[in-house]
>>> print(open('data-v8.cif').read())   # mmCIF, C-alpha atoms and all ligand atoms
data_input
loop_
_atom_site.group_PDB
_atom_site.id
_atom_site.type_symbol
_atom_site.label_atom_id
_atom_site.label_comp_id
_atom_site.auth_asym_id
_atom_site.auth_seq_id
_atom_site.Cartn_x
_atom_site.Cartn_y
_atom_site.Cartn_z
ATOM 1 C CA MET A 17 78.455 91.878 84.993
ATOM 2 C CA ASP A 18 79.448 95.540 84.936
ATOM 3 C CA LYS A 19 83.111 95.473 83.925
ATOM 4 C CA MET A 20 83.659 99.146 84.674
ATOM 5 C CA LYS A 21 82.877 98.698 88.362
ATOM 6 C CA GLY A 22 85.425 97.135 90.692
ATOM 7 C CA HIS A 23 84.488 93.749 92.109
ATOM 8 C CA VAL A 24 85.730 91.876 95.160
ATOM 9 C CA LEU A 25 85.830 88.134 95.718
ATOM 10 C CA GLU A 26 86.519 86.966 99.262
ATOM 11 C CA ALA A 27 87.227 83.489 100.544
ATOM 12 C CA ASP A 28 86.589 83.414 104.262
ATOM 13 C CA SER A 29 86.666 80.750 107.001
ATOM 14 C CA MET A 30 87.993 78.160 104.568
ATOM 15 C CA TRP A 31 88.442 74.965 106.562
ATOM 16 C CA LEU A 32 89.455 71.636 105.066
ATOM 17 C CA GLU A 33 90.329 68.333 106.685
ATOM 18 C CA TYR A 34 90.889 64.913 105.120
ATOM 19 C CA GLU A 35 90.138 62.072 107.521
ATOM 20 C CA GLY A 36 90.914 64.245 110.537
ATOM 21 C CA CYS A 37 94.104 65.609 109.000
ATOM 22 C CA LYS A 38 93.945 69.410 108.983
ATOM 23 C CA ILE A 39 94.858 70.959 105.607
ATOM 24 C CA LEU A 40 93.342 74.472 105.757
ATOM 25 C CA GLN A 41 92.345 76.210 108.975
ATOM 26 C CA ASN A 42 90.231 79.309 108.770
ATOM 27 C CA ILE A 43 91.874 80.779 105.678
ATOM 28 C CA TYR A 44 90.973 84.267 104.486
ATOM 29 C CA LEU A 45 91.911 85.546 101.042
ATOM 30 C CA GLN A 46 90.725 88.506 99.019
ATOM 31 C CA MET A 47 90.874 89.170 95.295
ATOM 32 C CA GLN A 48 89.784 92.258 93.415
ATOM 33 C CA THR A 49 89.379 93.203 89.791
ATOM 34 C CA GLY A 50 92.386 95.065 88.450
ATOM 35 C CA HIS A 51 94.676 93.085 90.766
ATOM 36 C CA VAL A 52 96.798 89.972 90.578
ATOM 37 C CA THR A 53 96.907 88.064 93.853
ATOM 38 C CA GLY A 54 99.705 85.583 94.489
ATOM 39 C CA LEU A 55 99.289 82.359 96.451
ATOM 40 C CA LEU A 56 102.450 80.646 97.658
ATOM 41 C CA GLY A 57 103.126 77.677 99.890
ATOM 42 C CA ARG A 58 105.288 74.593 100.013
ATOM 43 C CA ASN A 59 104.174 71.347 98.360
ATOM 44 C CA GLY A 60 101.060 69.928 99.927
ATOM 45 C CA THR A 61 100.091 72.994 101.960
ATOM 46 C CA GLY A 62 96.680 73.111 100.255
ATOM 47 C CA LYS A 63 96.890 75.738 97.488
ATOM 48 C CA SER A 64 95.105 73.603 94.896
ATOM 49 C CA SER A 65 92.478 72.559 97.418
ATOM 50 C CA LEU A 66 91.858 76.187 98.317
ATOM 51 C CA MET A 67 91.385 77.119 94.660
ATOM 52 C CA GLN A 68 88.917 74.271 94.166
ATOM 53 C CA MET A 69 87.014 75.422 97.246
ATOM 54 C CA ILE A 70 86.875 78.992 95.919
ATOM 55 C CA PHE A 71 85.714 77.718 92.509
ATOM 56 C CA GLY A 72 83.071 75.676 94.318
ATOM 57 C CA THR A 73 83.949 72.164 93.162
ATOM 58 C CA LEU A 74 85.466 71.040 96.481
ATOM 59 C CA ARG A 75 83.509 71.285 99.725
ATOM 60 C CA GLY A 76 85.450 71.602 102.944
ATOM 61 C CA GLN A 77 84.205 71.445 106.518
ATOM 62 C CA ASN A 78 83.506 75.161 106.273
ATOM 63 C CA GLN A 79 83.719 77.826 103.579
ATOM 64 C CA SER A 80 82.294 81.187 102.719
ATOM 65 C CA VAL A 81 82.928 82.689 99.295
ATOM 66 C CA ARG A 82 81.511 86.181 98.851
ATOM 67 C CA PHE A 83 81.161 88.242 95.706
ATOM 68 C CA ASN A 84 80.889 91.953 96.539
ATOM 69 C CA GLY A 85 79.841 90.925 100.045
ATOM 70 C CA ASP A 86 77.158 88.426 98.955
ATOM 71 C CA TYR A 87 77.569 84.729 99.776
ATOM 72 C CA VAL A 88 77.879 82.497 96.704
ATOM 73 C CA SER A 89 77.437 78.781 97.323
ATOM 74 C CA HIS A 90 78.832 77.437 94.020
ATOM 75 C CA PRO A 91 80.750 80.229 92.223
ATOM 76 C CA TYR A 92 81.422 78.140 89.083
ATOM 77 C CA GLN A 93 77.675 77.952 88.444
ATOM 78 C CA HIS A 94 77.388 81.731 88.046
ATOM 79 C CA PRO A 95 77.829 82.823 84.425
ATOM 80 C CA GLY A 96 80.548 85.451 84.056
ATOM 81 C CA LEU A 97 81.870 85.060 87.600
ATOM 82 C CA ILE A 98 84.877 82.749 87.674
ATOM 83 C CA SER A 99 87.203 80.509 85.673
ATOM 84 C CA TYR A 100 89.773 78.048 86.984
ATOM 85 C CA LEU A 101 92.903 76.438 85.564
ATOM 86 C CA PRO A 102 93.460 73.127 87.353
ATOM 87 C CA GLN A 103 96.818 71.366 87.308
ATOM 88 C CA HIS A 104 95.456 68.433 85.322
ATOM 89 C CA ALA A 105 94.338 68.312 81.668
ATOM 90 C CA PHE A 106 90.741 69.489 81.453
ATOM 91 C CA ILE A 107 89.919 70.377 77.830
ATOM 92 C CA PRO A 108 87.761 67.800 75.972
ATOM 93 C CA SER A 109 90.513 66.145 73.953
ATOM 94 C CA ASN A 110 88.383 65.037 70.992
ATOM 95 C CA LEU A 111 87.335 68.574 70.090
ATOM 96 C CA ARG A 112 89.190 70.790 67.647
ATOM 97 C CA VAL A 113 90.927 73.918 68.927
ATOM 98 C CA SER A 114 88.363 76.153 67.170
ATOM 99 C CA GLU A 115 85.534 74.219 68.877
ATOM 100 C CA VAL A 116 86.967 74.542 72.392
ATOM 101 C CA CYS A 117 87.435 78.266 71.805
ATOM 102 C CA ARG A 118 83.703 78.541 71.072
ATOM 103 C CA LEU A 119 82.923 76.421 74.123
ATOM 104 C CA TYR A 120 84.930 78.774 76.368
ATOM 105 C CA LYS A 121 83.634 81.918 74.600
ATOM 106 C CA VAL A 122 87.150 82.891 73.539
ATOM 107 C CA ASP A 123 87.864 84.389 70.125
ATOM 108 C CA PHE A 124 90.476 82.242 68.354
ATOM 109 C CA THR A 125 91.959 85.284 66.584
ATOM 110 C CA ASP A 126 92.333 87.035 69.927
ATOM 111 C CA LEU A 127 93.996 83.958 71.396
ATOM 112 C CA CYS A 128 96.485 83.857 68.484
ATOM 113 C CA ARG A 129 97.227 87.550 68.961
ATOM 114 C CA HIS A 130 98.968 86.477 72.173
ATOM 115 C CA PHE A 131 100.553 83.287 70.855
ATOM 116 C CA GLN A 132 100.904 83.399 67.068
ATOM 117 C CA ASP A 133 102.320 79.859 66.917
ATOM 118 C CA LEU A 134 98.881 78.507 67.814
ATOM 119 C CA GLU A 135 97.357 79.845 64.575
ATOM 120 C CA GLN A 136 98.278 76.699 62.645
ATOM 121 C CA TYR A 137 96.298 74.487 65.068
ATOM 122 C CA ASN A 138 92.831 75.917 64.438
ATOM 123 C CA LEU A 139 91.493 72.618 63.092
ATOM 124 C CA THR A 140 93.727 70.316 65.147
ATOM 125 C CA ARG A 141 92.120 68.089 67.745
ATOM 126 C CA VAL A 142 93.251 68.909 71.282
ATOM 127 C CA LYS A 143 94.582 65.360 71.809
ATOM 128 C CA ASP A 144 96.980 65.850 68.866
ATOM 129 C CA LEU A 145 98.635 68.938 70.382
ATOM 130 C CA SER A 146 101.935 68.605 72.263
ATOM 131 C CA THR A 147 101.646 68.530 76.070
ATOM 132 C CA GLY A 148 103.073 72.047 76.321
ATOM 133 C CA ASN A 149 100.743 73.457 73.655
ATOM 134 C CA ARG A 150 97.739 71.787 75.298
ATOM 135 C CA ARG A 151 98.685 73.437 78.588
ATOM 136 C CA LEU A 152 99.257 76.739 76.815
ATOM 137 C CA LEU A 153 95.836 76.528 75.161
ATOM 138 C CA GLY A 154 94.144 75.624 78.453
ATOM 139 C CA THR A 155 95.790 78.491 80.297
ATOM 140 C CA LEU A 156 94.852 80.988 77.592
ATOM 141 C CA LEU A 157 91.238 79.795 77.452
ATOM 142 C CA VAL A 158 90.839 80.205 81.203
ATOM 143 C CA LEU A 159 92.603 83.585 81.177
ATOM 144 C CA LEU A 160 90.711 85.036 78.223
ATOM 145 C CA MET A 161 87.256 83.779 79.236
ATOM 146 C CA PRO A 162 84.882 86.676 79.858
ATOM 147 C CA VAL A 163 84.662 86.326 83.657
ATOM 148 C CA ALA A 164 85.330 88.666 86.578
ATOM 149 C CA PHE A 165 87.804 86.360 88.363
ATOM 150 C CA THR A 166 90.324 83.789 87.192
ATOM 151 C CA LEU A 167 92.172 81.214 89.299
ATOM 152 C CA LEU A 168 95.428 79.881 87.848
ATOM 153 C CA ASP A 169 97.006 76.804 89.416
ATOM 154 C CA GLU A 170 100.596 76.526 88.136
ATOM 155 C CA PRO A 171 100.178 78.438 84.856
ATOM 156 C CA PHE A 172 103.947 78.415 84.211
ATOM 157 C CA ALA A 173 104.537 74.680 84.616
ATOM 158 C CA ALA A 174 105.328 72.987 81.270
ATOM 159 C CA LEU A 175 105.923 76.305 79.498
ATOM 160 C CA SER A 176 109.232 77.260 77.882
ATOM 161 C CA PRO A 177 110.997 80.403 79.206
ATOM 162 C CA LEU A 178 109.804 82.436 76.214
ATOM 163 C CA SER A 179 106.225 81.256 76.660
ATOM 164 C CA ILE A 180 106.382 82.115 80.376
ATOM 165 C CA GLU A 181 107.492 85.626 79.466
ATOM 166 C CA GLN A 182 104.629 85.962 76.982
ATOM 167 C CA MET A 183 102.126 84.480 79.452
ATOM 168 C CA ARG A 184 103.205 87.060 82.037
ATOM 169 C CA ARG A 185 102.331 89.759 79.502
ATOM 170 C CA VAL A 186 98.889 88.228 78.890
ATOM 171 C CA ILE A 187 98.240 88.095 82.649
ATOM 172 C CA THR A 188 99.248 91.741 83.045
ATOM 173 C CA GLU A 189 96.993 92.720 80.142
ATOM 174 C CA GLN A 190 94.039 90.688 81.439
ATOM 175 C CA LYS A 191 94.196 92.104 84.954
ATOM 176 C CA ALA A 192 92.834 95.363 83.547
ATOM 177 C CA ARG A 193 89.483 93.580 83.163
ATOM 178 C CA LYS A 194 89.476 90.969 85.936
ATOM 179 C CA GLY A 195 90.980 89.759 89.192
ATOM 180 C CA ILE A 196 93.523 86.944 88.930
ATOM 181 C CA LEU A 197 94.795 84.502 91.567
ATOM 182 C CA ILE A 198 98.067 82.738 90.716
ATOM 183 C CA SER A 199 99.755 79.865 92.452
ATOM 184 C CA ASP A 200 103.047 78.642 91.038
ATOM 185 C CA HIS A 201 106.345 77.321 92.362
ATOM 186 C CA ALA A 202 108.095 79.821 90.076
ATOM 187 C CA TYR A 203 107.679 82.239 92.974
ATOM 188 C CA GLU A 204 109.758 85.020 91.392
ATOM 189 C CA ASP A 205 107.316 85.075 88.482
ATOM 190 C CA VAL A 206 104.379 85.184 90.898
ATOM 191 C CA LEU A 207 105.906 87.960 93.017
ATOM 192 C CA GLY A 208 106.788 89.947 89.879
ATOM 193 C CA LEU A 209 103.129 89.956 88.831
ATOM 194 C CA ALA A 210 101.274 90.113 92.121
ATOM 195 C CA ASP A 211 99.846 93.240 93.726
ATOM 196 C CA ALA A 212 99.459 91.249 96.954
ATOM 197 C CA THR A 213 100.622 87.762 97.928
ATOM 198 C CA TYR A 214 99.383 85.235 100.471
ATOM 199 C CA LEU A 215 101.559 82.482 101.900
ATOM 200 C CA ILE A 216 100.009 79.316 103.278
ATOM 201 C CA VAL A 217 102.053 78.125 106.234
ATOM 202 C CA PRO A 218 101.829 74.818 108.116
ATOM 203 C CA VAL A 219 99.334 73.880 109.259
ATOM 204 C CA GLY A 220 96.939 75.561 106.875
ATOM 205 C CA ARG A 221 96.986 79.207 107.868
ATOM 206 C CA SER A 222 97.385 82.108 105.459
ATOM 207 C CA ILE A 223 99.538 85.197 105.833
ATOM 208 C CA LEU A 224 99.245 88.303 103.703
ATOM 209 C CA LEU A 225 102.893 89.095 103.002
ATOM 210 C CA LYS A 226 104.155 92.578 103.768
ATOM 211 C CA ASP A 227 107.918 92.294 104.040
ATOM 212 C CA VAL A 228 107.819 89.642 101.319
ATOM 213 C CA TYR A 229 111.292 88.054 101.172
ATOM 214 C CA SER A 230 112.047 88.172 104.886
ATOM 215 C CA GLU A 231 108.640 86.633 105.686
ATOM 216 C CA LEU A 232 109.141 83.942 103.042
ATOM 217 C CA GLU A 233 112.394 83.058 104.815
ATOM 218 C CA GLU A 234 110.962 83.392 108.293
ATOM 219 C CA PHE A 235 108.144 80.949 107.506
ATOM 220 C CA GLY A 236 110.450 78.431 105.857
ATOM 221 C CA TYR A 237 109.337 78.900 102.255
ATOM 222 C CA LEU A 238 112.799 79.962 101.058
HETATM 223 N N1 LIG B 301 91.345 63.391 98.179
HETATM 224 C C1 LIG B 301 92.266 63.545 99.133
HETATM 225 N N2 LIG B 301 92.312 62.708 100.203
HETATM 226 C C2 LIG B 301 93.244 62.872 101.171
HETATM 227 N N3 LIG B 301 94.174 63.831 101.179
HETATM 228 C C3 LIG B 301 94.177 64.682 100.136
HETATM 229 C C4 LIG B 301 93.245 64.593 99.072
HETATM 230 N N4 LIG B 301 93.500 65.578 98.182
HETATM 231 C C5 LIG B 301 94.551 66.258 98.682
HETATM 232 N N5 LIG B 301 94.952 65.725 99.850
HETATM 233 C C6 LIG B 301 96.053 66.211 100.694
HETATM 234 O O1 LIG B 301 95.807 67.575 100.981
HETATM 235 C C7 LIG B 301 97.012 68.295 101.031
HETATM 236 C C8 LIG B 301 96.918 69.510 100.149
HETATM 237 O O2 LIG B 301 96.953 69.144 98.779
HETATM 238 P P1 LIG B 301 96.995 70.231 97.629
HETATM 239 O O3 LIG B 301 97.115 69.504 96.330
HETATM 240 O O4 LIG B 301 95.849 71.149 97.804
HETATM 241 O O5 LIG B 301 98.353 70.988 97.979
HETATM 242 P P2 LIG B 301 99.198 72.027 97.103
HETATM 243 O O6 LIG B 301 99.653 73.078 98.039
HETATM 244 O O7 LIG B 301 98.441 72.442 95.916
HETATM 245 O O8 LIG B 301 100.427 71.106 96.686
HETATM 246 P P3 LIG B 301 101.446 71.221 95.431
HETATM 247 O O9 LIG B 301 102.169 72.513 95.565
HETATM 248 O O10 LIG B 301 102.359 70.037 95.666
HETATM 249 O O11 LIG B 301 100.619 71.096 94.174
HETATM 250 C C9 LIG B 301 98.121 67.317 100.640
HETATM 251 O O12 LIG B 301 98.775 66.890 101.810
HETATM 252 C C10 LIG B 301 97.400 66.190 99.987
HETATM 253 O O13 LIG B 301 98.067 64.982 100.176
#
>>> encode(input="data-v8.cif", output="structure tokens", more="lines below")
Ligand SMILES: Nc1ncnc2c1ncn2[C@@H]1O[C@H](COP(=O)(O)OP(=O)(O)OP(=O)(O)O)[C@@H](O)[C@H]1O
Amino acid sequence: MDKMKGHVLEADSMWLEYEGCKILQNIYLQMQTGHVTGLLGRNGTGKSSLMQMIFGTLRGQNQSVRFNGDYVSHPYQHPGLISYLPQHAFIPSNLRVSEVCRLYKVDFTDLCRHFQDLEQYNLTRVKDLSTGNRRLLGTLLVLLMPVAFTLLDEPFAALSPLSIEQMRRVITEQKARKGILISDHAYEDVLGLADATYLIVPVGRSILLKDVYSELEEFGYL
């Protein structure tokens, strides 16, 4: 993938229902390389589901994900296109940190450049890391993977204030080479990073925020 050229990833007509219960209705969202896009919404409004649909691992009633205008049926199957940080643990826990770095095509030295404390865990098995360090490792792997777009579901949860600050710096650095979508309840952190922010409002519609704080209040998020 040509990193010098700008790329656009669009999620269009995203429709999701569970047993007749409407979660997402006709959502549109756009990401572009060089930009951080924020995704906010109250608990249960469907942010995680939307990310899984964009990644391609959850099928809704309708969805259209387009890369530079071309429909992509399962984005995660395209090498170099997309990475996704789910809320749950996802790294094979029996592998050593150095092995998962190879698996995700991330240079361990580069990873430690961002978080020096991780240096000592090169040969540690993932299951022996603390919960916070496992989350930190997972978030860094997904962020540093050589892909055009990265989806981050709650990257700040389980991180200490100092780690959040450092992670914000990594995100800002990485946006120079990719497009990043962030959903987190630490909305100030999201707004501080985002070039544009979408709010999912009940029931399942998305709004591109313009007058950010007054719209967040108007739609009952704050
Ligand atoms: N497998 C499922 N079957 C039925 N309902 C589901 C299923 N998965 C999710 N839901 C429902 O879909 C809605 C959206 O869930 P989702 O996890 O996407 O929301 P969210 O905005 O990410 O929430 P949070 O901020 O609390 O993480 C919720 O009401 C949830 O209960």
>>> resolve_selection(input="data-v8.cif", expression="the PyMOL selection byres (((chain A and resi 41) around 12) and not hetatm)", output="list in words")
Asp28, Ser29, Met30, Trp31, Leu32, Glu33, Cys37, Lys38, Ile39, Leu40, Asn42, Ile43, Tyr44, Thr61, Gly62, Leu66, Gly76, Gln77, Asn78, Gln79, Ile216, Val217, Pro218, Val219, Gly220, Arg221, Ser222 and Ile223 of chain A
>>> residues_near_ligand(input="data-v8.cif", ligand="ligand LIG 301 (chain B)", cutoff="6 Å", atoms="all atoms listed in the file", output="number ranges by chain")
A: 34, 39, 58-65
>>> atom_distance(input="data-v8.cif", atom1="atom CA of Phe165 of chain A", atom2="atom CA of Glu26 of chain A")
11.0 Å
>>> resolve_selection(input="data-v8.cif", expression="the PyMOL selection byres (((chain A and resi 203-205) around 9) and not hetatm)", output="list in words")
Gly54, Leu56, Phe172, Ile180, Arg184, Ser199, Asp200, His201, Ala202, Val206, Leu207, Gly208, Leu209 and Ala210 of chain A
>>> residues_around(input="data-v8.cif", residues="Glu189 of chain A", least_positions_apart="5", cutoff="12 Å", atoms="all atoms listed in the file", output="MDAnalysis selection string")
chainID A and resid 50:52 130 159:160 182:184 194:196 209
>>> closest_residue(input="data-v8.cif", among="A:Thr140, A:Met67, A:Gly72, A:Leu156", to="Asp123 of chain A", atoms="only C-alpha atoms")
A:Leu156
>>> resolve_selection(input="data-v8.cif", expression="the PyMOL selection byres (((chain A and resi 117-119) around 12) and not hetatm)", output="ChimeraX atom specification")
/A:107-108,111-116,120-128,137-139,141-142,153-162
>>> atom_distance(input="data-v8.cif", atom1="atom CA of Thr213 of chain A", atom2="atom CA of Glu233 of chain A")
14.4 Å
>>> atom_distance(input="data-v8.cif", atom1="atom CA of Pro102 of chain A", atom2="atom CA of Leu168 of chain A")
7.1 Å
>>> closest_residue(input="data-v8.cif", among="A:Thr147, A:Thr49, A:Asp169, A:Gln68", to="Ala192 of chain A", atoms="only C-alpha atoms")
A:Thr49
>>> closest_residue(input="data-v8.cif", among="A:Ile198, A:Ala105, A:Leu74, A:Leu167", to="His90 of chain A", atoms="only C-alpha atoms")
A:Leu74
>>> closest_residue(input="data-v8.cif", among="A:Phe71, A:Gly22, A:Ser176, A:Lys191", to="Ile98 of chain A", atoms="all atoms listed in the file")
A:Phe71
>>> closest_residue(input="data-v8.cif", among="A:Gln132, A:Ser99, A:Ser109, A:Thr73", to="Val163 of chain A", atoms="only C-alpha atoms")
A:Ser99
>>> closest_residue(input="data-v8.cif", among="A:Val81, A:Ile70, A:Leu55, A:Ile187", to="Tyr100 of chain A", atoms="all atoms listed in the file")
A:Ile70
>>> build_atoms(input="data-v8.cif", residues="segment 32-53 of chain A", atoms="N, CA and C atoms", output="PDB file, keeping the file's coordinate frame")
ATOM      1  N   LEU A  32      89.460  72.924 105.775  1.00  0.00           N
ATOM      2  CA  LEU A  32      89.455  71.636 105.066  1.00  0.00           C
ATOM      3  C   LEU A  32      90.256  70.602 105.849  1.00  0.00           C
ATOM      4  N   GLU A  33      89.630  69.468 106.055  1.00  0.00           N
ATOM      5  CA  GLU A  33      90.329  68.333 106.685  1.00  0.00           C
ATOM      6  C   GLU A  33      90.077  67.097 105.844  1.00  0.00           C
ATOM      7  N   TYR A  34      91.082  66.231 105.730  1.00  0.00           N
ATOM      8  CA  TYR A  34      90.889  64.913 105.120  1.00  0.00           C
ATOM      9  C   TYR A  34      91.097  63.878 106.210  1.00  0.00           C
ATOM     10  N   GLU A  35      90.076  63.127 106.498  1.00  0.00           N
ATOM     11  CA  GLU A  35      90.138  62.072 107.521  1.00  0.00           C
ATOM     12  C   GLU A  35      90.834  62.555 108.804  1.00  0.00           C
ATOM     13  N   GLY A  36      90.386  63.726 109.272  1.00  0.00           N
ATOM     14  CA  GLY A  36      90.914  64.245 110.537  1.00  0.00           C
ATOM     15  C   GLY A  36      92.239  64.978 110.399  1.00  0.00           C
ATOM     16  N   CYS A  37      92.817  64.922 109.206  1.00  0.00           N
ATOM     17  CA  CYS A  37      94.104  65.609 109.000  1.00  0.00           C
ATOM     18  C   CYS A  37      93.818  67.035 108.515  1.00  0.00           C
ATOM     19  N   LYS A  38      94.261  68.018 109.312  1.00  0.00           N
ATOM     20  CA  LYS A  38      93.945  69.410 108.983  1.00  0.00           C
ATOM     21  C   LYS A  38      94.796  69.887 107.809  1.00  0.00           C
ATOM     22  N   ILE A  39      94.137  70.417 106.765  1.00  0.00           N
ATOM     23  CA  ILE A  39      94.858  70.959 105.607  1.00  0.00           C
ATOM     24  C   ILE A  39      94.763  72.494 105.635  1.00  0.00           C
ATOM     25  N   LEU A  40      93.554  73.016 105.700  1.00  0.00           N
ATOM     26  CA  LEU A  40      93.342  74.472 105.757  1.00  0.00           C
ATOM     27  C   LEU A  40      92.558  74.808 107.017  1.00  0.00           C
ATOM     28  N   GLN A  41      93.032  75.824 107.742  1.00  0.00           N
ATOM     29  CA  GLN A  41      92.345  76.210 108.975  1.00  0.00           C
ATOM     30  C   GLN A  41      91.994  77.683 108.932  1.00  0.00           C
ATOM     31  N   ASN A  42      90.729  77.945 108.640  1.00  0.00           N
ATOM     32  CA  ASN A  42      90.231  79.309 108.770  1.00  0.00           C
ATOM     33  C   ASN A  42      90.929  80.323 107.851  1.00  0.00           C
ATOM     34  N   ILE A  43      91.154  79.916 106.621  1.00  0.00           N
ATOM     35  CA  ILE A  43      91.874  80.779 105.678  1.00  0.00           C
ATOM     36  C   ILE A  43      91.001  81.944 105.217  1.00  0.00           C
ATOM     37  N   TYR A  44      91.633  83.115 105.104  1.00  0.00           N
ATOM     38  CA  TYR A  44      90.973  84.267 104.486  1.00  0.00           C
ATOM     39  C   TYR A  44      91.842  84.743 103.321  1.00  0.00           C
ATOM     40  N   LEU A  45      91.183  85.046 102.213  1.00  0.00           N
ATOM     41  CA  LEU A  45      91.911  85.546 101.042  1.00  0.00           C
ATOM     42  C   LEU A  45      90.982  86.467 100.260  1.00  0.00           C
ATOM     43  N   GLN A  46      91.553  87.554  99.773  1.00  0.00           N
ATOM     44  CA  GLN A  46      90.725  88.506  99.019  1.00  0.00           C
ATOM     45  C   GLN A  46      91.322  88.752  97.636  1.00  0.00           C
ATOM     46  N   MET A  47      90.452  88.802  96.651  1.00  0.00           N
ATOM     47  CA  MET A  47      90.874  89.170  95.295  1.00  0.00           C
ATOM     48  C   MET A  47      90.039  90.359  94.860  1.00  0.00           C
ATOM     49  N   GLN A  48      90.608  91.197  93.993  1.00  0.00           N
ATOM     50  CA  GLN A  48      89.784  92.258  93.415  1.00  0.00           C
ATOM     51  C   GLN A  48      90.118  92.475  91.952  1.00  0.00           C
ATOM     52  N   THR A  49      89.148  92.975  91.212  1.00  0.00           N
ATOM     53  CA  THR A  49      89.379  93.203  89.791  1.00  0.00           C
ATOM     54  C   THR A  49      90.443  94.289  89.645  1.00  0.00           C
ATOM     55  N   GLY A  50      91.288  94.121  88.647  1.00  0.00           N
ATOM     56  CA  GLY A  50      92.386  95.065  88.450  1.00  0.00           C
ATOM     57  C   GLY A  50      93.636  94.657  89.210  1.00  0.00           C
ATOM     58  N   HIS A  51      93.549  93.541  89.955  1.00  0.00           N
ATOM     59  CA  HIS A  51      94.676  93.085  90.766  1.00  0.00           C
ATOM     60  C   HIS A  51      95.047  91.637  90.456  1.00  0.00           C
ATOM     61  N   VAL A  52      96.342  91.359  90.574  1.00  0.00           N
ATOM     62  CA  VAL A  52      96.798  89.972  90.578  1.00  0.00           C
ATOM     63  C   VAL A  52      97.138  89.639  92.027  1.00  0.00           C
ATOM     64  N   THR A  53      96.620  88.522  92.492  1.00  0.00           N
ATOM     65  CA  THR A  53      96.907  88.064  93.853  1.00  0.00           C
ATOM     66  C   THR A  53      97.752  86.797  93.762  1.00  0.00           C
TER      67      THR A  53
END
